Amino acid sequence: MRIVIAGGHGQIALRLERLLAARGDEAVGIIRNPEQKDDLRAVGAEPVVLDLESATVEETAEVLRGADAAVFAAGAGPNSGSDRKDTVDRGAAVLFADAAERAGVRRYVVVSSMGADPDHPGDEVFDAYLRAKGAADAYVRSRTALDWTILRPGMLTNDAGTGQVLLAASTGRGPVPRDDVAAMLLELLDTPATAGLTLELISGNMPVMVAVKDVAGN
């Protein structure tokens with residue numbers, strides 16, 4: 001498979017790219033900073049430099065053409081303000097969805113956030129982040145030309161992955177290693193029957209593959 005990942009230098013994206021490359025898939029990571037190219041190549045991914053805050057839908061669609069799936073894993077980052085939460089976490093997600101649709105890429109997986117809600121109250125930067133993610137999720141869910149799955153992980157950690165998770169429409173709060181989020185994304189990409197689902201993910205006691213089969217109804 002050829003998988004194009006927005007936010008290709010993110011911690012989850014780099015893990016996913018490594019997993020894809022290890023099994024012989026083609027991982028393409030979209031990055032804004034050319035200095036990150038070598039980091040992507042080191043995990044076996046093909047870097048493409050494109051700023052999703054300023055790119056057009058057509059420019060982004062060019063990168064996506066011929067892909068089997070698209071993964072939106074971009075984010076403005078923890079040190080960014082409310083404005084960039086809107087331009088990246090919402091705006092770039094909307095652009096990427098539009099571009100996937102234009103390129104004819106139906107399978108579309110989003111890395112969202114637990115608590116994402118377009119109507120989330122509050123004036124803090126994290127409140128703006130949850131509103132931006134929620135608005136992006138709502139937009140993606142409205143696109144009938146996309147076979148979307150939205151994954152909302154709990155508190156992300158850099159602990160070693162266990163491969164044991166809890167995956168459900170609602171899980172309650174909890175931590176989850178980035179390793180396990182990447183493994184879950186890989187399994188979701190392999191399971192088209194999860195299209196149309198918004199799922200929360202935390203650490204649990206069910207193997208990733210079994211958890212996905214369970215929510216997919218098989």
# chains A, B, ... in the order shown; residues from 1 in each chain; ligands from 1
>>> select_by_dssp(residues="chain A", states="alpha helix (DSSP H)", output="PyMOL selection string")
chain A and resi 11-22+37-42+57-64+82-84+93-103+125-141+178-189+208-216
>>> residues_around(residues="Asp180 in chain A", least_positions_apart="5", cutoff="7 Å", atoms="only C-alpha atoms", output="ChimeraX atom specification")
/A:161-163
>>> residues_around(residues="range 127-133 of chain A", least_positions_apart="6", cutoff="7 Å", atoms="only C-alpha atoms", output="list in words")
Ser82, Lys85, Asp86, Asp89, Arg90, Ser112, Ser113, Gly115, Ala116, Asp117, Pro118, Asp119, His120 and Pro121 of chain A
>>> closest_residue(among="A:Pro47, A:Pro192, A:Pro34, A:Gly77", to="Val109 in chain A", atoms="only C-alpha atoms")
A:Pro192
>>> select_by_dssp(residues="range 92-177 of chain A", states="strand (DSSP E or B)", output="MDAnalysis selection string")
chainID A and resid 107:111 147:153 155:157 164:168 175:177
>>> residues_around(residues="Arg173 in chain A", least_positions_apart="5", cutoff="12 Å", atoms="only C-alpha atoms", output="number ranges by chain")
A: 113-115, 152-156, 166-168, 200-204
>>> write_last_selection(atoms="all heavy atoms", output="short mmCIF file (atom, residue, chain, number, x, y, z; two decimals), in the first residue's frame")
data_model
loop_
_atom_site.label_atom_id
_atom_site.label_comp_id
_atom_site.auth_asym_id
_atom_site.auth_seq_id
_atom_site.Cartn_x
_atom_site.Cartn_y
_atom_site.Cartn_z
N SER A 113 -8.26 13.73 19.12
CA SER A 113 -7.94 13.83 20.54
C SER A 113 -9.18 13.52 21.36
O SER A 113 -10.28 13.93 21.01
CB SER A 113 -7.46 15.25 20.88
OG SER A 113 -7.27 15.40 22.27
N MET A 114 -8.98 12.82 22.44
CA MET A 114 -10.08 12.59 23.35
C MET A 114 -10.59 13.94 23.87
O MET A 114 -9.80 14.81 24.24
CB MET A 114 -9.63 11.70 24.51
CG MET A 114 -10.77 11.13 25.32
SD MET A 114 -10.19 9.92 26.55
CE MET A 114 -9.77 8.53 25.51
N GLY A 115 -11.88 14.14 23.85
CA GLY A 115 -12.46 15.40 24.29
C GLY A 115 -12.66 16.41 23.17
O GLY A 115 -13.18 17.51 23.41
N ARG A 152 -9.33 8.72 18.58
CA ARG A 152 -9.11 9.70 19.63
C ARG A 152 -8.36 9.06 20.79
O ARG A 152 -8.97 8.47 21.70
CB ARG A 152 -10.45 10.26 20.11
CG ARG A 152 -11.16 11.10 19.04
CD ARG A 152 -12.52 11.58 19.49
NE ARG A 152 -13.05 12.63 18.60
CZ ARG A 152 -14.25 13.15 18.69
NH1 ARG A 152 -15.08 12.74 19.65
NH2 ARG A 152 -14.64 14.09 17.86
N PRO A 153 -7.03 9.15 20.80
CA PRO A 153 -6.25 8.55 21.88
C PRO A 153 -6.40 9.34 23.17
O PRO A 153 -6.70 10.54 23.16
CB PRO A 153 -4.81 8.63 21.38
CG PRO A 153 -4.89 9.05 19.94
CD PRO A 153 -6.17 9.78 19.78
N GLY A 154 -6.13 8.65 24.27
CA GLY A 154 -6.06 9.31 25.57
C GLY A 154 -4.74 10.03 25.73
O GLY A 154 -4.11 10.45 24.76
N MET A 155 -4.29 10.16 26.96
CA MET A 155 -3.04 10.88 27.24
C MET A 155 -1.85 10.12 26.66
O MET A 155 -1.59 8.97 27.05
CB MET A 155 -2.87 11.04 28.75
CG MET A 155 -1.68 11.90 29.14
SD MET A 155 -1.47 11.99 30.93
CE MET A 155 -0.91 10.32 31.30
N LEU A 156 -1.13 10.76 25.76
CA LEU A 156 -0.04 10.10 25.05
C LEU A 156 1.21 10.02 25.93
O LEU A 156 1.59 11.00 26.59
CB LEU A 156 0.28 10.86 23.77
CG LEU A 156 -0.86 10.93 22.75
CD1 LEU A 156 -0.52 11.92 21.65
CD2 LEU A 156 -1.15 9.56 22.16
N LEU A 166 -7.60 -0.67 25.01
CA LEU A 166 -9.06 -0.62 25.08
C LEU A 166 -9.50 0.33 23.97
O LEU A 166 -9.09 1.50 23.95
CB LEU A 166 -9.52 -0.11 26.44
CG LEU A 166 -11.04 0.13 26.61
CD1 LEU A 166 -11.83 -1.16 26.37
CD2 LEU A 166 -11.34 0.71 27.98
N LEU A 167 -10.30 -0.16 23.06
CA LEU A 167 -10.78 0.61 21.91
C LEU A 167 -12.29 0.55 21.89
O LEU A 167 -12.89 -0.53 21.85
CB LEU A 167 -10.22 0.01 20.61
CG LEU A 167 -10.62 0.68 19.30
CD1 LEU A 167 -9.92 2.02 19.13
CD2 LEU A 167 -10.30 -0.24 18.11
N ALA A 168 -12.94 1.72 21.93
CA ALA A 168 -14.40 1.74 21.98
C ALA A 168 -14.88 3.14 21.61
O ALA A 168 -14.10 4.09 21.54
CB ALA A 168 -14.89 1.37 23.38
N GLU A 200 -12.33 5.88 20.66
CA GLU A 200 -11.37 6.31 21.67
C GLU A 200 -10.43 5.15 22.00
O GLU A 200 -10.81 3.97 21.88
CB GLU A 200 -12.11 6.77 22.94
CG GLU A 200 -12.93 8.03 22.70
CD GLU A 200 -13.59 8.56 23.96
OE1 GLU A 200 -13.54 7.87 25.01
OE2 GLU A 200 -14.16 9.67 23.91
N LEU A 201 -9.20 5.50 22.37
CA LEU A 201 -8.16 4.49 22.60
C LEU A 201 -7.36 4.82 23.85
O LEU A 201 -6.83 5.91 23.99
CB LEU A 201 -7.21 4.46 21.39
CG LEU A 201 -6.00 3.53 21.50
CD1 LEU A 201 -6.42 2.06 21.43
CD2 LEU A 201 -4.98 3.84 20.41
N ILE A 202 -7.28 3.85 24.76
CA ILE A 202 -6.39 3.93 25.91
C ILE A 202 -5.76 2.55 26.10
O ILE A 202 -6.13 1.58 25.43
CB ILE A 202 -7.13 4.37 27.19
CG1 ILE A 202 -8.26 3.38 27.53
CG2 ILE A 202 -7.68 5.78 27.06
CD1 ILE A 202 -8.94 3.65 28.88
N SER A 203 -4.82 2.47 27.01
CA SER A 203 -4.23 1.16 27.33
C SER A 203 -5.29 0.27 27.96
O SER A 203 -6.19 0.74 28.68
CB SER A 203 -3.05 1.33 28.28
OG SER A 203 -1.98 1.98 27.62
N GLY A 204 -5.18 -1.03 27.68
CA GLY A 204 -6.16 -1.97 28.21
C GLY A 204 -5.58 -3.37 28.23
O GLY A 204 -4.37 -3.55 28.43
#
>>> closest_residue(among="A:Ala100, A:Leu64, A:Ala27, A:Ala92", to="Arg41 in chain A", atoms="only C-alpha atoms")
A:Ala27
>>> atom_distance(atom1="CA of Phe72 in chain A", atom2="CA of Thr171 in chain A")
21.9 Å
>>> residues_around(residues="Thr56 in chain A", least_positions_apart="3", cutoff="10 Å", atoms="only C-alpha atoms", output="PyMOL selection string")
chain A and resi 50-53+59-61+95-96+98-99
>>> atom_distance(atom1="CA of Arg32 in chain A", atom2="CA of Thr144 in chain A")
28.8 Å
>>> residues_around(residues="range 210-218 of chain A", least_positions_apart="6", cutoff="8 Å", atoms="only C-alpha atoms", output="PyMOL selection string")
chain A and resi 165-168+184+187-188+191+193-194
>>> residues_around(residues="Ala21 in chain A", least_positions_apart="4", cutoff="12 Å", atoms="only C-alpha atoms", output="JSON, numbers by chain")
{"A": [1, 2, 3, 14, 15, 16, 17, 25, 26, 27, 28, 29, 40, 41, 42, 43, 44, 45, 46, 186]}
>>> write_last_selection(atoms="N, CA and C atoms", output="CSV table (one decimal), in the first residue's frame")
chain,number,residue,atom,x,y,z
A,1,MET,N,0.8,-1.2,0.0
A,1,MET,CA,0.0,0.0,0.0
A,1,MET,C,0.9,1.3,0.0
A,2,ARG,N,0.3,2.3,-0.6
A,2,ARG,CA,1.0,3.6,-0.5
A,2,ARG,C,0.1,4.5,0.4
A,3,ILE,N,0.7,4.9,1.5
A,3,ILE,CA,0.0,5.7,2.6
A,3,ILE,C,0.7,7.0,2.7
A,14,LEU,N,6.1,9.2,12.8
A,14,LEU,CA,7.4,8.5,12.6
A,14,LEU,C,7.3,7.0,13.0
A,15,ARG,N,6.6,6.7,14.0
A,15,ARG,CA,6.4,5.3,14.4
A,15,ARG,C,5.6,4.5,13.4
A,16,LEU,N,4.5,5.2,12.9
A,16,LEU,CA,3.7,4.5,11.9
A,16,LEU,C,4.5,4.3,10.6
A,17,GLU,N,5.3,5.3,10.2
A,17,GLU,CA,6.1,5.2,9.0
A,17,GLU,C,7.0,4.0,9.1
A,25,ASP,N,5.4,-1.6,2.9
A,25,ASP,CA,4.5,-0.6,2.3
A,25,ASP,C,5.3,0.7,2.0
A,26,GLU,N,4.7,1.5,1.2
A,26,GLU,CA,5.3,2.8,0.9
A,26,GLU,C,4.7,3.9,1.8
A,27,ALA,N,5.5,4.5,2.7
A,27,ALA,CA,5.0,5.5,3.5
A,27,ALA,C,5.6,6.9,3.0
A,28,VAL,N,4.6,7.8,2.8
A,28,VAL,CA,5.0,9.1,2.3
A,28,VAL,C,4.6,10.1,3.4
A,29,GLY,N,5.6,10.8,3.9
A,29,GLY,CA,5.4,11.8,5.0
A,29,GLY,C,5.4,13.2,4.5
A,40,LEU,N,12.9,11.2,8.3
A,40,LEU,CA,11.9,10.4,7.7
A,40,LEU,C,12.5,9.2,6.9
A,41,ARG,N,13.6,9.6,6.2
A,41,ARG,CA,14.3,8.5,5.4
A,41,ARG,C,14.9,7.5,6.4
A,42,ALA,N,15.3,7.9,7.6
A,42,ALA,CA,15.8,7.0,8.6
A,42,ALA,C,14.8,5.9,9.0
A,43,VAL,N,13.5,6.2,8.9
A,43,VAL,CA,12.5,5.2,9.3
A,43,VAL,C,11.9,4.5,8.1
A,44,GLY,N,12.5,4.9,6.9
A,44,GLY,CA,12.0,4.2,5.7
A,44,GLY,C,10.9,4.9,4.9
A,45,ALA,N,10.7,6.2,5.3
A,45,ALA,CA,9.6,6.9,4.6
A,45,ALA,C,10.1,7.9,3.6
A,46,GLU,N,9.3,8.2,2.6
A,46,GLU,CA,9.6,9.2,1.6
A,46,GLU,C,9.1,10.6,2.0
A,186,LEU,N,-2.1,1.4,12.1
A,186,LEU,CA,-1.7,0.4,11.1
A,186,LEU,C,-2.9,-0.6,10.9
>>> closest_residue(among="A:His9, A:Arg18, A:Arg23, A:Arg107", to="Lys37 in chain A", atoms="only C-alpha atoms")
A:His9
>>> atom_distance(atom1="CA of Val105 in chain A", atom2="CA of Asn33 in chain A")
24.9 Å
>>> closest_residue(among="A:Val48, A:Val71, A:Ala76, A:Ala138", to="Phe126 in chain A", atoms="only C-alpha atoms")
A:Ala76
>>> closest_residue(among="A:Gly24, A:Arg102, A:Gly7, A:Val208", to="Gln36 in chain A", atoms="only C-alpha atoms")
A:Gly7
>>> decode(residues="range 91-206 of chain A", atoms="C-alpha atoms", output="compact mmCIF listing (two decimals), in the first residue's frame")
# COMPACT_ATOMS: atom_id res chain seq x y z
CA GLY A 91 -7.67 24.22 8.70
CA ALA A 92 -5.01 21.78 7.53
CA ALA A 93 -7.27 18.83 8.40
CA VAL A 94 -10.06 20.27 6.26
CA LEU A 95 -7.62 20.94 3.40
CA PHE A 96 -6.22 17.41 3.59
CA ALA A 97 -9.72 15.90 3.53
CA ASP A 98 -10.66 18.01 0.50
CA ALA A 99 -7.43 17.03 -1.23
CA ALA A 100 -7.98 13.32 -0.54
CA GLU A 101 -11.46 13.62 -2.02
CA ARG A 102 -10.12 15.39 -5.11
CA ALA A 103 -7.37 12.78 -5.53
CA GLY A 104 -9.86 9.94 -5.25
CA VAL A 105 -8.36 8.55 -2.04
CA ARG A 106 -11.32 7.17 -0.10
CA ARG A 107 -9.63 5.67 2.97
CA TYR A 108 -8.97 8.48 5.42
CA VAL A 109 -7.80 8.00 9.01
CA VAL A 110 -7.60 10.89 11.47
CA VAL A 111 -5.54 11.12 14.65
CA SER A 112 -7.81 13.28 16.79
CA SER A 113 -7.94 13.83 20.54
CA MET A 114 -10.08 12.59 23.35
CA GLY A 115 -12.46 15.40 24.29
CA ALA A 116 -12.47 16.95 20.80
CA ASP A 117 -15.67 18.97 20.45
CA PRO A 118 -16.43 21.95 18.18
CA ASP A 119 -18.49 23.44 21.03
CA HIS A 120 -15.94 22.85 23.79
CA PRO A 121 -16.08 25.82 26.22
CA GLY A 122 -13.16 27.77 27.61
CA ASP A 123 -10.57 30.40 26.71
CA GLU A 124 -7.32 28.50 27.24
CA VAL A 125 -5.14 27.32 24.36
CA PHE A 126 -6.04 23.70 25.06
CA ASP A 127 -9.73 24.61 24.85
CA ALA A 128 -9.07 26.12 21.41
CA TYR A 129 -7.24 22.92 20.46
CA LEU A 130 -10.19 20.71 21.42
CA ARG A 131 -12.56 22.98 19.46
CA ALA A 132 -10.28 22.88 16.41
CA LYS A 133 -9.98 19.09 16.51
CA GLY A 134 -13.71 18.75 17.05
CA ALA A 135 -14.50 21.01 14.10
CA ALA A 136 -12.08 19.05 11.90
CA ASP A 137 -13.65 15.76 12.94
CA ALA A 138 -17.13 17.07 12.19
CA TYR A 139 -16.02 18.20 8.75
CA VAL A 140 -14.45 14.84 7.92
CA ARG A 141 -17.57 13.01 9.07
CA SER A 142 -19.60 15.10 6.62
CA ARG A 143 -17.59 13.94 3.59
CA THR A 144 -19.52 11.11 1.95
CA ALA A 145 -16.70 10.49 -0.54
CA LEU A 146 -14.33 9.47 2.27
CA ASP A 147 -14.24 6.16 4.12
CA TRP A 148 -13.11 7.82 7.32
CA THR A 149 -12.13 6.51 10.72
CA ILE A 150 -11.41 8.94 13.57
CA LEU A 151 -9.12 7.76 16.36
CA ARG A 152 -9.11 9.70 19.63
CA PRO A 153 -6.25 8.55 21.88
CA GLY A 154 -6.06 9.31 25.57
CA MET A 155 -3.04 10.88 27.24
CA LEU A 156 -0.04 10.10 25.05
CA THR A 157 3.10 8.67 26.67
CA ASN A 158 6.51 7.59 25.41
CA ASP A 159 6.38 4.34 27.38
CA ALA A 160 7.15 1.22 25.40
CA GLY A 161 4.05 -0.14 23.70
CA THR A 162 2.40 -3.20 25.19
CA GLY A 163 0.09 -4.04 22.28
CA GLN A 164 -2.74 -4.24 24.83
CA VAL A 165 -5.48 -1.62 24.45
CA LEU A 166 -9.06 -0.62 25.08
CA LEU A 167 -10.78 0.61 21.91
CA ALA A 168 -14.40 1.74 21.98
CA ALA A 169 -16.74 4.58 21.12
CA SER A 170 -16.18 5.74 24.69
CA THR A 171 -13.40 4.40 26.91
CA GLY A 172 -13.08 6.94 29.71
CA ARG A 173 -9.84 8.77 30.37
CA GLY A 174 -6.49 7.03 30.48
CA PRO A 175 -2.96 6.97 29.08
CA VAL A 176 -1.74 5.18 25.95
CA PRO A 177 1.80 4.81 24.58
CA ARG A 178 2.47 6.40 21.19
CA ASP A 179 3.80 2.99 20.10
CA ASP A 180 0.35 1.50 20.59
CA VAL A 181 -1.36 4.41 18.80
CA ALA A 182 0.85 3.78 15.76
CA ALA A 183 0.12 0.05 15.89
CA MET A 184 -3.59 0.83 16.10
CA LEU A 185 -3.40 3.15 13.07
CA LEU A 186 -1.74 0.37 11.08
CA GLU A 187 -4.50 -2.06 12.03
CA LEU A 188 -7.23 0.47 11.20
CA LEU A 189 -5.69 1.02 7.77
CA ASP A 190 -5.89 -2.73 7.23
CA THR A 191 -9.53 -2.89 8.35
CA PRO A 192 -11.86 -0.99 5.97
CA ALA A 193 -14.84 -2.17 8.04
CA THR A 194 -13.93 0.47 10.64
CA ALA A 195 -14.98 3.22 8.20
CA GLY A 196 -17.59 5.53 9.72
CA LEU A 197 -16.43 4.96 13.30
CA THR A 198 -15.14 7.48 15.84
CA LEU A 199 -13.14 5.55 18.41
CA GLU A 200 -11.37 6.31 21.67
CA LEU A 201 -8.16 4.49 22.60
CA ILE A 202 -6.39 3.93 25.91
CA SER A 203 -4.23 1.16 27.33
CA GLY A 204 -6.16 -1.97 28.21
CA ASN A 205 -5.97 -5.75 28.09
CA MET A 206 -7.02 -6.60 24.54
